[in-house]
Amino acid sequence: LATVKVRPPKWAKPGVKSKGVKHATACLLVSDVHYQEVVDPRQIGGIGAYNSEIAASRVRSVFTDWIKLARDYLAGVTYDGLQLFLPGDMHSGEIHAELRETNAVSIADSITSLLEPLEAAINMLADAFGTVKIACVVGNHSRRTRKPISKRRVVDNYDYLTYRLLERDYKSTKNVQLYVSSAPDMNVDIHNTRYVLTHGDQFRGGSGISGELAPLLLGVHRKMRRDAAVGKPFDIMVMGHFHRTLCLPQSGLIVGGSIMGYDEFAFQQNFKPEPPQSAFWVNTPEHGVTFAAPVF
């Protein structure tokens with residue numbers, strides 16, 4: 001071996017621009033905005049804070065940073081459009097007495113004040129990339145009933161009202177397409193990858209090292225079995241609710257983080273803090289989810 005000389009071939013480095021057009025769809029999952037909620041940093045050891053001004057700032061930054069990631073960090077990709085997933089909990093809601101007492105504004109004011117930054121973000125996305133598709137399902141915090149319901153679960157929810165107002169405002173805008181689900185789940189096809197969007201509050205349990213993974217992966221299995229039985233199989237379940245980012249496309253699961261971030265409930269439950277973030281990924285016709293990163 002000591003006498004053998006290694007002669008590796010000389011490989012030319014890739015050019016600045018590769019030949020051919022690489023098509024893809026940029027995806028973003030914006031979950032758990034909890035717009036009217038107030039988080040007092042003094043009550044959670046200074047880990048974080050939240051109010052209406054911070055919420056509006058984060059809504060703006062998550063969309064501007066999404067554009068930067070898709071446009072500047074991933075050069076050489078031609079985007080067929082943008083897919084925005086909204087899995088609910090847009091508002092803090094009033095399902096608990098403590099929320100009614102501490103929310104910054106009423107639910108009516110939360111809806112009207114959230115529409116402006118949301119529509120500003122959608123307009124910016126449409127200007128930057130052309131076609132914007134938005135898939136919407138409701139969460140649990142914006143419901144009008146104290147306990148979760150099955151009958152009229154969607155229409156009796158303030159998320160649904162927010163989405164319908166957005167749908168009204170973009171009715172005549174051809175390059176912005178809103179899809180508001182009348183069911184708790186929504187099927188979304190991107191190229192050759194089939195997604196199902198849900199909020200995630202139906203999944204409970206989990207302990208030990210696996211934590212929430214056990215109930216979530218069990219939930220993926222049950223939904224896959226249900227949808228396959230009626231001829232609507234999917235590849236990946238997309239959801240929010242857990243205020244944590246998990247990207248496991250090979251296991252059929254993408255969980256978005258939270259715009260709100262850490263709060264008093266998470267502190268009391270001793271959950272590990274996660275910076276406020278959203279899930280971003282690129283979907284290509286050849287490989288589905290090929291690049292994923294958090295948008296902080």
# chains A, B, ... in the order shown; residues from 1 in each chain; ligands from 1
$ select_by_dssp --residues "region 59-139 of chain A" --states "strand (DSSP E)" --output "list of chain:residue names"
A:Val77, A:Thr78, A:Tyr79, A:Asp80, A:Gly81, A:Leu82, A:Gln83, A:Leu84, A:Phe85, A:Leu86, A:Val132, A:Lys133, A:Ile134, A:Ala135, A:Cys136
$ write_last_selection --atoms "all heavy atoms" --output "short mmCIF file (atom, residue, chain, number, x, y, z; two decimals), in the first residue's frame"
data_model
loop_
_atom_site.label_atom_id
_atom_site.label_comp_id
_atom_site.auth_asym_id
_atom_site.auth_seq_id
_atom_site.Cartn_x
_atom_site.Cartn_y
_atom_site.Cartn_z
N VAL A 77 -33.69 27.73 -8.84
CA VAL A 77 -34.98 27.04 -8.79
C VAL A 77 -36.05 27.95 -9.39
O VAL A 77 -36.15 29.12 -9.04
CB VAL A 77 -35.36 26.67 -7.35
CG1 VAL A 77 -36.73 26.02 -7.30
CG2 VAL A 77 -34.32 25.75 -6.74
N THR A 78 -36.83 27.40 -10.30
CA THR A 78 -37.98 28.11 -10.85
C THR A 78 -39.23 27.65 -10.11
O THR A 78 -39.60 26.47 -10.15
CB THR A 78 -38.14 27.83 -12.36
OG1 THR A 78 -36.97 28.29 -13.04
CG2 THR A 78 -39.35 28.54 -12.91
N TYR A 79 -39.86 28.58 -9.41
CA TYR A 79 -41.02 28.23 -8.60
C TYR A 79 -42.30 28.31 -9.42
O TYR A 79 -42.60 29.32 -10.05
CB TYR A 79 -41.11 29.14 -7.37
CG TYR A 79 -39.98 28.91 -6.39
CD1 TYR A 79 -38.92 29.82 -6.30
CD2 TYR A 79 -39.97 27.78 -5.58
CE1 TYR A 79 -37.88 29.59 -5.41
CE2 TYR A 79 -38.93 27.56 -4.69
CZ TYR A 79 -37.88 28.46 -4.61
OH TYR A 79 -36.85 28.24 -3.74
N ASP A 80 -43.06 27.21 -9.39
CA ASP A 80 -44.36 27.20 -10.03
C ASP A 80 -45.38 27.99 -9.22
O ASP A 80 -46.47 28.29 -9.71
CB ASP A 80 -44.85 25.75 -10.20
CG ASP A 80 -43.90 24.94 -11.08
OD1 ASP A 80 -43.37 25.51 -12.04
OD2 ASP A 80 -43.69 23.76 -10.78
N GLY A 81 -45.05 28.30 -8.00
CA GLY A 81 -45.93 29.06 -7.12
C GLY A 81 -45.59 28.80 -5.67
O GLY A 81 -44.62 28.10 -5.35
N LEU A 82 -46.38 29.39 -4.80
CA LEU A 82 -46.20 29.24 -3.36
C LEU A 82 -47.43 28.57 -2.77
O LEU A 82 -48.56 28.86 -3.17
CB LEU A 82 -45.98 30.60 -2.69
CG LEU A 82 -44.85 31.47 -3.21
CD1 LEU A 82 -44.76 32.75 -2.39
CD2 LEU A 82 -43.52 30.73 -3.15
N GLN A 83 -47.19 27.66 -1.82
CA GLN A 83 -48.29 27.01 -1.10
C GLN A 83 -48.20 27.38 0.37
O GLN A 83 -47.22 27.05 1.05
CB GLN A 83 -48.21 25.49 -1.25
CG GLN A 83 -49.27 24.74 -0.46
CD GLN A 83 -50.68 25.01 -0.95
OE1 GLN A 83 -51.00 24.77 -2.11
NE2 GLN A 83 -51.54 25.51 -0.07
N LEU A 84 -49.21 28.07 0.85
CA LEU A 84 -49.28 28.47 2.26
C LEU A 84 -50.29 27.57 2.96
O LEU A 84 -51.44 27.45 2.53
CB LEU A 84 -49.69 29.93 2.37
CG LEU A 84 -49.96 30.48 3.77
CD1 LEU A 84 -48.72 30.38 4.65
CD2 LEU A 84 -50.45 31.93 3.70
N PHE A 85 -49.85 26.95 4.05
CA PHE A 85 -50.73 26.12 4.88
C PHE A 85 -51.07 26.89 6.16
O PHE A 85 -50.17 27.33 6.89
CB PHE A 85 -50.04 24.80 5.27
CG PHE A 85 -49.78 23.87 4.12
CD1 PHE A 85 -48.55 23.87 3.48
CD2 PHE A 85 -50.75 22.97 3.71
CE1 PHE A 85 -48.30 22.99 2.43
CE2 PHE A 85 -50.51 22.10 2.66
CZ PHE A 85 -49.28 22.10 2.02
N LEU A 86 -52.36 27.03 6.44
CA LEU A 86 -52.82 27.67 7.68
C LEU A 86 -53.63 26.64 8.47
O LEU A 86 -54.81 26.40 8.17
CB LEU A 86 -53.68 28.90 7.36
CG LEU A 86 -53.00 30.05 6.62
CD1 LEU A 86 -53.99 31.18 6.34
CD2 LEU A 86 -51.79 30.58 7.39
N VAL A 132 -50.17 32.28 -5.62
CA VAL A 132 -50.16 31.92 -4.20
C VAL A 132 -51.42 31.11 -3.92
O VAL A 132 -52.53 31.58 -4.16
CB VAL A 132 -50.12 33.16 -3.29
CG1 VAL A 132 -50.14 32.75 -1.82
CG2 VAL A 132 -48.91 34.02 -3.58
N LYS A 133 -51.24 29.90 -3.41
CA LYS A 133 -52.36 29.06 -3.01
C LYS A 133 -52.36 28.92 -1.49
O LYS A 133 -51.30 28.71 -0.89
CB LYS A 133 -52.28 27.69 -3.67
CG LYS A 133 -52.41 27.73 -5.19
CD LYS A 133 -52.37 26.33 -5.78
CE LYS A 133 -52.54 26.39 -7.30
NZ LYS A 133 -52.51 25.03 -7.91
N ILE A 134 -53.53 29.03 -0.90
CA ILE A 134 -53.64 29.04 0.56
C ILE A 134 -54.66 27.99 0.98
O ILE A 134 -55.82 28.05 0.56
CB ILE A 134 -54.05 30.42 1.09
CG1 ILE A 134 -53.12 31.51 0.53
CG2 ILE A 134 -54.04 30.44 2.61
CD1 ILE A 134 -53.57 32.92 0.83
N ALA A 135 -54.23 27.03 1.80
CA ALA A 135 -55.11 26.00 2.34
C ALA A 135 -55.38 26.29 3.81
O ALA A 135 -54.45 26.54 4.58
CB ALA A 135 -54.47 24.62 2.18
N CYS A 136 -56.66 26.26 4.21
CA CYS A 136 -57.04 26.71 5.55
C CYS A 136 -57.91 25.68 6.26
O CYS A 136 -58.92 25.22 5.70
CB CYS A 136 -57.82 28.03 5.46
SG CYS A 136 -57.07 29.32 4.46
#
$ select_by_dssp --residues "region 18-220 of chain A" --states "alpha helix (DSSP H)" --output "PyMOL selection string"
chain A and resi 52-68+97-102+107-129+158-169+213-220
$ write_last_selection --atoms "C-alpha atoms" --output "short mmCIF file (atom, residue, chain, number, x, y, z; two decimals), in the first residue's frame"
data_model
loop_
_atom_site.label_atom_id
_atom_site.label_comp_id
_atom_site.auth_asym_id
_atom_site.auth_seq_id
_atom_site.Cartn_x
_atom_site.Cartn_y
_atom_site.Cartn_z
CA SER A 52 -50.41 42.37 19.58
CA GLU A 53 -47.42 44.45 18.45
CA ILE A 54 -45.03 41.50 18.63
CA ALA A 55 -47.56 39.31 16.81
CA ALA A 56 -47.89 41.77 13.92
CA SER A 57 -44.10 42.05 13.67
CA ARG A 58 -43.64 38.27 13.60
CA VAL A 59 -46.35 37.80 10.97
CA ARG A 60 -44.47 40.25 8.77
CA SER A 61 -41.04 38.74 9.41
CA VAL A 62 -42.06 35.13 8.76
CA PHE A 63 -43.31 36.01 5.28
CA THR A 64 -40.41 38.28 4.36
CA ASP A 65 -37.92 35.64 5.53
CA TRP A 66 -39.82 32.98 3.56
CA ILE A 67 -39.23 35.03 0.41
CA LYS A 68 -35.53 35.40 1.27
CA ALA A 97 -61.51 32.00 31.66
CA GLU A 98 -57.88 33.10 32.01
CA LEU A 99 -57.73 33.95 28.30
CA ARG A 100 -60.88 36.07 28.48
CA GLU A 101 -59.33 37.98 31.37
CA THR A 102 -55.85 38.48 29.87
CA ILE A 107 -62.16 38.46 19.46
CA ALA A 108 -63.83 40.90 17.04
CA ASP A 109 -60.89 43.29 17.28
CA SER A 110 -58.48 40.36 16.94
CA ILE A 111 -60.09 39.35 13.64
CA THR A 112 -60.12 42.82 12.14
CA SER A 113 -56.58 43.69 13.28
CA LEU A 114 -55.13 40.38 12.01
CA LEU A 115 -56.59 40.78 8.52
CA GLU A 116 -54.37 43.76 7.67
CA PRO A 117 -50.95 42.09 8.22
CA LEU A 118 -52.21 38.85 6.67
CA GLU A 119 -53.39 40.59 3.51
CA ALA A 120 -50.22 42.67 3.36
CA ALA A 121 -48.22 39.42 3.49
CA ILE A 122 -50.33 37.74 0.80
CA ASN A 123 -49.99 40.77 -1.47
CA MET A 124 -46.23 40.75 -0.99
CA LEU A 125 -46.04 37.05 -1.84
CA ALA A 126 -48.13 37.50 -4.96
CA ASP A 127 -45.89 40.36 -6.12
CA ALA A 128 -42.74 38.30 -5.52
CA PHE A 129 -43.76 34.93 -6.94
CA TYR A 158 -63.48 32.28 14.52
CA ASP A 159 -60.68 30.92 12.32
CA TYR A 160 -63.37 30.04 9.78
CA LEU A 161 -64.71 33.61 9.86
CA THR A 162 -61.19 34.98 9.37
CA TYR A 163 -60.61 32.72 6.36
CA ARG A 164 -63.96 33.58 4.79
CA LEU A 165 -63.16 37.30 5.09
CA LEU A 166 -59.84 36.66 3.33
CA GLU A 167 -61.69 34.66 0.70
CA ARG A 168 -64.06 37.58 0.16
CA ASP A 169 -61.23 40.09 -0.22
CA LEU A 213 -44.03 11.38 18.52
CA ALA A 214 -45.96 8.32 19.67
CA PRO A 215 -49.46 9.86 19.41
CA LEU A 216 -48.54 11.83 16.28
CA LEU A 217 -47.25 8.83 14.33
CA LEU A 218 -50.25 6.82 15.49
CA GLY A 219 -52.43 9.66 14.22
CA VAL A 220 -50.67 9.55 10.84
#
$ atom_distance --atom1 "CA of Ala279 (chain A)" --atom2 "CA of Arg42 (chain A)"
28.3 Å
$ atom_distance --atom1 "CA of Thr245 (chain A)" --atom2 "CA of Phe271 (chain A)"
13.5 Å
$ closest_residue --among "A:Gly45, A:Pro233, A:Pro249, A:Gly240" --to "Val137 (chain A)" --atoms "only C-alpha atoms"
A:Gly240
$ closest_atom_pairs --of "region 16-55 of chain A" --to "region 89-92 of chain A" --cutoff "6 Å" --atoms "only C-alpha atoms" --output "tab-separated table"
residue	atom	partner	partner_atom	distance
A:Asp32	CA	A:Asp89	CA	4.7
A:Val33	CA	A:Met90	CA	4.8
A:His34	CA	A:Ser92	CA	4.0
A:Tyr35	CA	A:His91	CA	4.7
A:Gln36	CA	A:Ser92	CA	5.6
A:Glu37	CA	A:Ser92	CA	5.2
$ residues_around --residues "Asp156 (chain A)" --least-positions-apart "6" --cutoff "12 Å" --atoms "only C-alpha atoms" --output "ChimeraX atom specification"
/A:138-146,148-150,162,182-184
$ closest_residue --among "A:Lys174, A:Gly257, A:Ile236, A:Val282" --to "Arg71 (chain A)" --atoms "only C-alpha atoms"
A:Val282
$ atom_distance --atom1 "CA of Thr290 (chain A)" --atom2 "CA of Lys13 (chain A)"
22.3 Å
$ closest_residue --among "A:Leu197, A:Asp263, A:Lys223, A:Gly256" --to "Asn51 (chain A)" --atoms "only C-alpha atoms"
A:Asp263
$ closest_residue --among "A:Ala75, A:Phe234, A:Arg153, A:Phe203" --to "Lys22 (chain A)" --atoms "only C-alpha atoms"
A:Ala75
